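Below: structure-v4.cif (mmCIF, C-alpha atoms)
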data_final
loop_
_atom_site.label_atom_id
_atom_site.label_comp_id
_atom_site.auth_asym_id
_atom_site.auth_seq_id
_atom_site.Cartn_x
_atom_site.Cartn_y
_atom_site.Cartn_z
CA GLU A 24 -13.02 -3.17 13.99
CA PRO A 25 -11.00 -6.01 12.43
CA GLU A 26 -7.43 -5.12 11.54
CA VAL A 27 -4.29 -6.56 10.03
CA THR A 28 -1.56 -6.97 12.63
CA GLN A 29 2.16 -7.26 11.97
CA THR A 30 5.07 -8.31 14.14
CA PRO A 31 7.68 -7.23 14.88
CA SER A 32 7.20 -3.51 14.48
CA HIS A 33 10.96 -3.07 14.14
CA GLN A 34 13.72 -5.61 13.63
CA VAL A 35 17.44 -5.02 13.39
CA THR A 36 19.52 -7.81 11.90
CA GLN A 37 22.99 -8.48 10.58
CA MET A 38 23.60 -8.90 6.87
CA GLY A 39 23.30 -12.54 5.86
CA GLN A 40 20.86 -13.46 8.62
CA GLU A 41 17.42 -14.90 8.00
CA VAL A 42 14.42 -12.79 8.92
CA ILE A 43 10.76 -13.75 9.27
CA LEU A 44 8.11 -11.05 9.31
CA ARG A 45 4.71 -12.10 10.58
CA CYS A 46 1.25 -10.93 9.71
CA VAL A 47 -2.22 -11.84 10.91
CA PRO A 48 -4.66 -10.85 8.17
CA ILE A 49 -8.33 -10.12 8.80
CA SER A 50 -9.91 -13.48 9.53
CA ASN A 51 -12.39 -13.90 6.68
CA HIS A 52 -10.15 -12.40 3.99
CA LEU A 53 -9.00 -14.55 1.10
CA TYR A 54 -6.17 -12.52 -0.51
CA PHE A 55 -2.89 -11.64 1.17
CA TYR A 56 -0.07 -9.38 0.08
CA TRP A 57 3.34 -8.08 0.98
CA TYR A 58 4.63 -4.68 -0.06
CA ARG A 59 7.78 -2.82 0.85
CA GLN A 60 8.81 0.82 1.06
CA ILE A 61 12.46 1.77 1.13
CA LEU A 62 12.98 4.98 3.09
CA GLY A 63 12.10 8.01 0.97
CA GLN A 64 10.82 5.92 -1.93
CA LYS A 65 7.42 4.80 -3.12
CA VAL A 66 5.70 1.64 -2.02
CA GLU A 67 6.43 -1.43 -4.15
CA PHE A 68 4.50 -4.66 -4.63
CA LEU A 69 6.27 -7.87 -3.63
CA VAL A 70 3.80 -10.76 -3.76
CA SER A 71 0.15 -11.74 -3.61
CA PHE A 72 -1.15 -15.02 -2.20
CA TYR A 73 -4.49 -16.67 -2.80
CA ASN A 74 -5.84 -20.16 -2.31
CA ASN A 75 -2.64 -21.24 -0.56
CA GLU A 76 -0.32 -20.29 -3.36
CA ILE A 77 1.46 -17.31 -4.83
CA SER A 78 -0.78 -15.68 -7.44
CA GLU A 79 1.60 -12.91 -8.49
CA LYS A 80 5.07 -11.72 -7.64
CA SER A 81 7.29 -8.86 -8.69
CA GLU A 82 10.89 -8.90 -9.91
CA ILE A 83 11.94 -7.90 -6.40
CA PHE A 84 10.58 -11.17 -5.02
CA ASP A 85 13.54 -13.35 -5.96
CA ASP A 86 14.73 -16.66 -4.52
CA GLN A 87 15.76 -14.97 -1.28
CA PHE A 88 12.11 -14.32 -0.46
CA SER A 89 9.38 -16.77 0.42
CA VAL A 90 5.88 -16.57 1.86
CA GLU A 91 3.91 -19.06 3.83
CA ARG A 92 0.54 -19.42 5.46
CA PRO A 93 1.49 -22.05 8.04
CA ASP A 94 -1.88 -22.14 9.76
CA GLY A 95 -5.29 -20.54 9.39
CA SER A 96 -4.26 -17.18 10.75
CA ASN A 97 -0.62 -16.27 10.08
CA PHE A 98 0.95 -15.10 6.84
CA THR A 99 4.73 -14.83 6.90
CA LEU A 100 7.43 -13.30 4.72
CA LYS A 101 10.88 -14.88 5.00
CA ILE A 102 14.05 -13.28 3.74
CA ARG A 103 16.64 -16.02 3.60
CA SER A 104 19.91 -14.09 3.66
CA THR A 105 19.37 -10.40 4.23
CA LYS A 106 21.25 -7.73 2.30
CA LEU A 107 21.74 -4.10 3.16
CA GLU A 108 19.28 -3.14 0.43
CA ASP A 109 16.54 -5.16 2.12
CA SER A 110 16.29 -2.42 4.74
CA ALA A 111 12.77 -1.08 4.34
CA MET A 112 9.30 -0.94 5.82
CA TYR A 113 7.38 -4.08 4.93
CA PHE A 114 3.60 -3.89 4.79
CA CYS A 115 1.23 -6.80 4.89
CA ALA A 116 -2.28 -6.37 3.50
CA SER A 117 -5.35 -8.49 3.00
CA SER A 118 -8.54 -8.16 1.02
CA PRO A 119 -11.85 -9.97 1.31
CA GLY A 120 -12.30 -11.36 -2.20
CA LEU A 121 -15.46 -10.24 -3.94
CA ALA A 122 -17.31 -11.42 -7.01
CA GLY A 123 -15.45 -8.91 -9.16
CA GLY A 124 -12.00 -9.52 -7.71
CA PRO A 125 -9.93 -9.15 -4.54
CA GLY A 126 -11.69 -6.01 -3.24
CA GLU A 127 -10.43 -3.25 -1.01
CA LEU A 128 -7.05 -3.67 0.68
CA PHE A 129 -6.54 -3.44 4.41
CA PHE A 130 -2.98 -2.72 5.49
CA GLY A 131 -1.06 -3.50 8.62
CA GLU A 132 1.04 -0.88 10.39
CA GLY A 133 4.24 -2.21 8.87
CA SER A 134 7.41 -3.90 10.06
CA ARG A 135 10.56 -1.84 9.81
CA LEU A 136 13.60 -3.97 8.91
CA THR A 137 17.07 -2.57 9.39
CA VAL A 138 19.96 -4.63 8.00
CA LEU A 139 23.41 -3.73 9.33
CA LYS B 22 8.43 7.26 -17.25
CA ASN B 23 6.38 6.59 -14.12
CA GLU B 24 3.19 4.71 -14.77
CA VAL B 25 1.41 6.61 -11.98
CA GLU B 26 2.05 10.32 -11.62
CA GLN B 27 0.72 12.47 -8.81
CA SER B 28 0.58 16.22 -8.44
CA PRO B 29 1.45 18.19 -6.53
CA GLN B 30 4.31 16.45 -4.70
CA ASN B 31 3.89 18.73 -1.71
CA LEU B 32 0.92 20.79 -0.65
CA THR B 33 0.51 23.21 2.23
CA ALA B 34 -2.97 24.48 3.05
CA GLN B 35 -4.70 26.51 5.72
CA GLU B 36 -7.31 24.84 7.85
CA GLY B 37 -10.69 24.97 6.13
CA GLU B 38 -9.35 25.09 2.58
CA PHE B 39 -10.62 22.83 -0.20
CA ILE B 40 -7.83 20.53 -1.38
CA THR B 41 -7.37 18.64 -4.64
CA ILE B 42 -4.73 16.01 -5.34
CA ASN B 43 -4.41 14.67 -8.86
CA CYS B 44 -3.35 11.31 -10.24
CA SER B 45 -2.67 10.34 -13.85
CA TYR B 46 -1.81 6.87 -15.03
CA SER B 47 -0.63 5.40 -18.28
CA VAL B 48 -1.67 1.75 -18.02
CA GLY B 49 -5.00 0.01 -18.37
CA ILE B 50 -6.47 -0.52 -14.94
CA SER B 51 -9.12 -2.56 -13.20
CA ALA B 52 -9.17 -0.32 -10.13
CA LEU B 53 -7.62 2.78 -8.65
CA HIS B 54 -6.86 3.17 -4.95
CA TRP B 55 -6.38 6.24 -2.82
CA LEU B 56 -4.36 5.55 0.29
CA GLN B 57 -3.37 7.67 3.26
CA GLN B 58 0.03 7.16 4.89
CA HIS B 59 0.32 8.53 8.40
CA PRO B 60 3.49 10.24 9.69
CA GLY B 61 4.22 7.04 11.63
CA GLY B 62 4.22 5.07 8.36
CA GLY B 63 0.96 3.13 8.56
CA ILE B 64 -1.24 2.97 5.44
CA VAL B 65 -5.02 3.25 5.36
CA SER B 66 -7.16 2.63 2.30
CA LEU B 67 -9.46 5.58 1.60
CA PHE B 68 -11.12 4.57 -1.65
CA MET B 69 -11.09 1.90 -4.28
CA LEU B 70 -12.86 2.90 -7.46
CA SER B 71 -13.12 1.86 -11.06
CA SER B 72 -15.59 4.47 -12.33
CA GLY B 73 -17.47 7.60 -11.33
CA LYS B 74 -17.24 9.11 -7.90
CA LYS B 75 -17.19 8.04 -4.25
CA LYS B 76 -17.68 10.11 -1.11
CA HIS B 77 -16.79 9.36 2.47
CA GLY B 78 -17.23 12.16 4.96
CA ARG B 79 -15.16 15.13 3.81
CA LEU B 80 -13.31 13.09 1.19
CA ILE B 81 -14.40 12.70 -2.42
CA ALA B 82 -12.67 10.65 -5.09
CA THR B 83 -13.41 10.82 -8.79
CA ILE B 84 -12.06 8.93 -11.76
CA ASN B 85 -12.22 9.54 -15.51
CA ILE B 86 -11.35 6.29 -17.23
CA GLN B 87 -11.15 7.81 -20.71
CA GLU B 88 -8.68 10.46 -19.58
CA LYS B 89 -6.83 8.09 -17.21
CA HIS B 90 -7.11 10.60 -14.41
CA SER B 91 -8.36 10.63 -10.85
CA SER B 92 -8.70 13.32 -8.23
CA LEU B 93 -8.96 13.22 -4.46
CA HIS B 94 -10.72 16.18 -2.87
CA ILE B 95 -10.77 17.12 0.80
CA THR B 96 -13.39 19.63 1.88
CA ALA B 97 -12.98 21.80 4.99
CA SER B 98 -9.43 20.53 5.55
CA HIS B 99 -8.17 20.05 9.09
CA PRO B 100 -4.68 19.67 10.56
CA ARG B 101 -5.43 16.00 11.24
CA ASP B 102 -5.67 15.50 7.45
CA SER B 103 -1.90 16.09 7.28
CA ALA B 104 -0.42 12.94 5.76
CA VAL B 105 0.94 11.52 2.53
CA TYR B 106 -1.79 10.63 0.05
CA ILE B 107 -0.90 7.87 -2.37
CA CYS B 108 -2.57 6.93 -5.63
CA ALA B 109 -2.13 3.32 -6.74
CA VAL B 110 -3.58 1.34 -9.62
CA THR B 111 -4.27 -2.32 -10.22
CA SER B 112 -3.65 -3.19 -13.83
CA GLY B 113 -6.23 -5.29 -15.62
CA GLY B 114 -6.32 -8.90 -14.50
CA SER B 115 -3.95 -8.34 -11.60
CA GLN B 116 -4.72 -9.36 -8.04
CA GLY B 117 -3.03 -6.89 -5.73
CA ASN B 118 -0.07 -6.03 -7.92
CA LEU B 119 -0.49 -2.34 -7.25
CA ILE B 120 1.55 0.25 -9.07
CA PHE B 121 2.06 3.12 -6.66
CA GLY B 122 2.55 6.82 -7.19
CA LYS B 123 5.19 8.68 -5.22
CA GLY B 124 2.59 10.30 -3.01
CA THR B 125 1.51 13.83 -2.21
CA LYS B 126 2.61 15.20 1.15
CA LEU B 127 -0.17 17.36 2.57
CA SER B 128 0.34 19.70 5.49
CA VAL B 129 -2.68 21.56 6.84
CA LYS B 130 -1.85 24.50 9.09
CA PRO B 131 -4.22 25.65 11.85
#
As structure tokens, how would this structure be written, given the file I've shared?
Amino acid sequence: EPEVTQTPSHQVTQMGQEVILRCVPISNHLYFYWYRQILGQKVEFLVSFYNNEISEKSEIFDDQFSVERPDGSNFTLKIRSTKLEDSAMYFCASSPGLAGGPGELFFGEGSRLTVL
Amino acid sequence: KNEVEQSPQNLTAQEGEFITINCSYSVGISALHWLQQHPGGGIVSLFMLSSGKKKHGRLIATINIQEKHSSLHITASHPRDSAVYICAVTSGGSQGNLIFGKGTKLSVKP
């Protein structure tokens, strides 16, 4: 069964360092997303990406964040200069794109980021 | 005020019991999602619905658009159903900007 894969599963970094989280969405999906979940809190939307551009982003997704689809398979989230409060689980998701909208979401297993 | 409220926050059941988790929302939506988060953290989509009722195996999801309320039912619960169940809504016109509830932690005892 097709699945969304994320790497790394866990990354530890020093404050101020750049981090890139990678995702391989399901191959024929058209919409891609990043969400995050700070430990003990609810999941929060970061950004959605469609047709090679950001379609929506939240207030969390400030200038320190960027997303890219560098080739036909990868979808990356870059955090330019990490802060302690960026420590969280980051989830990538994709959806197929149906006539009525994006469709059901398929999530990856998450990448846990720890900023020291 | 949270835009998506779930109840209960925590639920303990005995194996075989019928379980109901409730979700109320205060915004206009285009779709409502029920998600399952495993103890390891991974998230699986259970249902996406915008009206009526859907069934998959022992799971049933219903939504009442007029009352802005949805329920997730689990019949014949099993210890492997133990997880956090999350309700999330997509507001009208949005593409993936989900508003998440805090989740309901379910523990099913053998």
Report task. Please write as an NGL selection string the full residue list that the PyMOL selection byres ((chain A and resi 111) around 12) yields on this file. Result -> (:A and (32-35 or 58-67 or 105-110 or 112-114 or 133-138)) or (:B and (62))
Given the PyMOL selection byres ((chain B) within 10 of (chain A)), the residues it picks as a PDB file with C-alpha atoms, keeping the file's coordinate frame:
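After the write, out.pdb holds the following:
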ATOM      1  CA  SER B  51      -9.120  -2.560 -13.200  1.00  0.00           C
ATOM      2  CA  ALA B  52      -9.170  -0.320 -10.130  1.00  0.00           C
ATOM      3  CA  HIS B  54      -6.860   3.170  -4.950  1.00  0.00           C
ATOM      4  CA  LEU B  56      -4.360   5.550   0.290  1.00  0.00           C
ATOM      5  CA  GLN B  58       0.030   7.160   4.890  1.00  0.00           C
ATOM      6  CA  HIS B  59       0.320   8.530   8.400  1.00  0.00           C
ATOM      7  CA  GLY B  61       4.220   7.040  11.630  1.00  0.00           C
ATOM      8  CA  GLY B  62       4.220   5.070   8.360  1.00  0.00           C
ATOM      9  CA  GLY B  63       0.960   3.130   8.560  1.00  0.00           C
ATOM     10  CA  ILE B  64      -1.240   2.970   5.440  1.00  0.00           C
ATOM     11  CA  VAL B  65      -5.020   3.250   5.360  1.00  0.00           C
ATOM     12  CA  SER B  66      -7.160   2.630   2.300  1.00  0.00           C
ATOM     13  CA  LEU B  67      -9.460   5.580   1.600  1.00  0.00           C
ATOM     14  CA  PHE B  68     -11.120   4.570  -1.650  1.00  0.00           C
ATOM     15  CA  MET B  69     -11.090   1.900  -4.280  1.00  0.00           C
ATOM     16  CA  LEU B  70     -12.860   2.900  -7.460  1.00  0.00           C
ATOM     17  CA  ILE B 107      -0.900   7.870  -2.370  1.00  0.00           C
ATOM     18  CA  ALA B 109      -2.130   3.320  -6.740  1.00  0.00           C
ATOM     19  CA  GLY B 114      -6.320  -8.900 -14.500  1.00  0.00           C
ATOM     20  CA  SER B 115      -3.950  -8.340 -11.600  1.00  0.00           C
ATOM     21  CA  GLN B 116      -4.720  -9.360  -8.040  1.00  0.00           C
ATOM     22  CA  GLY B 117      -3.030  -6.890  -5.730  1.00  0.00           C
ATOM     23  CA  ASN B 118      -0.070  -6.030  -7.920  1.00  0.00           C
ATOM     24  CA  LEU B 119      -0.490  -2.340  -7.250  1.00  0.00           C
ATOM     25  CA  ILE B 120       1.550   0.250  -9.070  1.00  0.00           C
ATOM     26  CA  PHE B 121       2.060   3.120  -6.660  1.00  0.00           C
ATOM     27  CA  GLY B 122       2.550   6.820  -7.190  1.00  0.00           C
ATOM     28  CA  LYS B 123       5.190   8.680  -5.220  1.00  0.00           C
ATOM     29  CA  GLY B 124       2.590  10.300  -3.010  1.00  0.00           C
TER      30      GLY B 124
END
Requested in this report: Evaluate the PyMOL selection byres ((chain A and resi 49) around 6) and record the selected residues as a PyMOL selection string, following the chain and residue labels used in the document.
Outcome: chain A and resi 26-27+48+50-52
With C-alpha atoms retained, could you export that selection as a JSON list (two decimals), in the frame of the given file?
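The new file selection.json reads:
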[["chain", "number", "residue", "atom", "x", "y", "z"],
["A", 26, "GLU", "CA", -7.43, -5.12, 11.54],
["A", 27, "VAL", "CA", -4.29, -6.56, 10.03],
["A", 48, "PRO", "CA", -4.66, -10.85, 8.17],
["A", 50, "SER", "CA", -9.91, -13.48, 9.53],
["A", 51, "ASN", "CA", -12.39, -13.90, 6.68],
["A", 52, "HIS", "CA", -10.15, -12.40, 3.99]]
Requested in this report: Pick out the residues sitting within 10 Å of B:Ser128, and hand them over as a ChimeraX atom specification; count only C-alpha atoms, and ignore anything fewer than 2 positions along from it in its own chain.
Outcome: /B:31-36,98-105,125-126,130-131
Report task. Work out how far atom CA of B:Glu24 is from atom CA of A:Ile77, in Å to one decimal. Result ->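 Computing the Euclidean distance for atom CA of A:Ile77 and atom CA of B:Glu24 yields 24.2 Å.
Coordinates place atom CA of A:Pro119 at a distance of 27.8 Å from atom CA of B:Glu26.
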Query raised in the report: What is the distance, in Å and to one decimal place, between atom CA of B:Thr111 and atom CA of B:Lys89?
Result: 12.8 Å
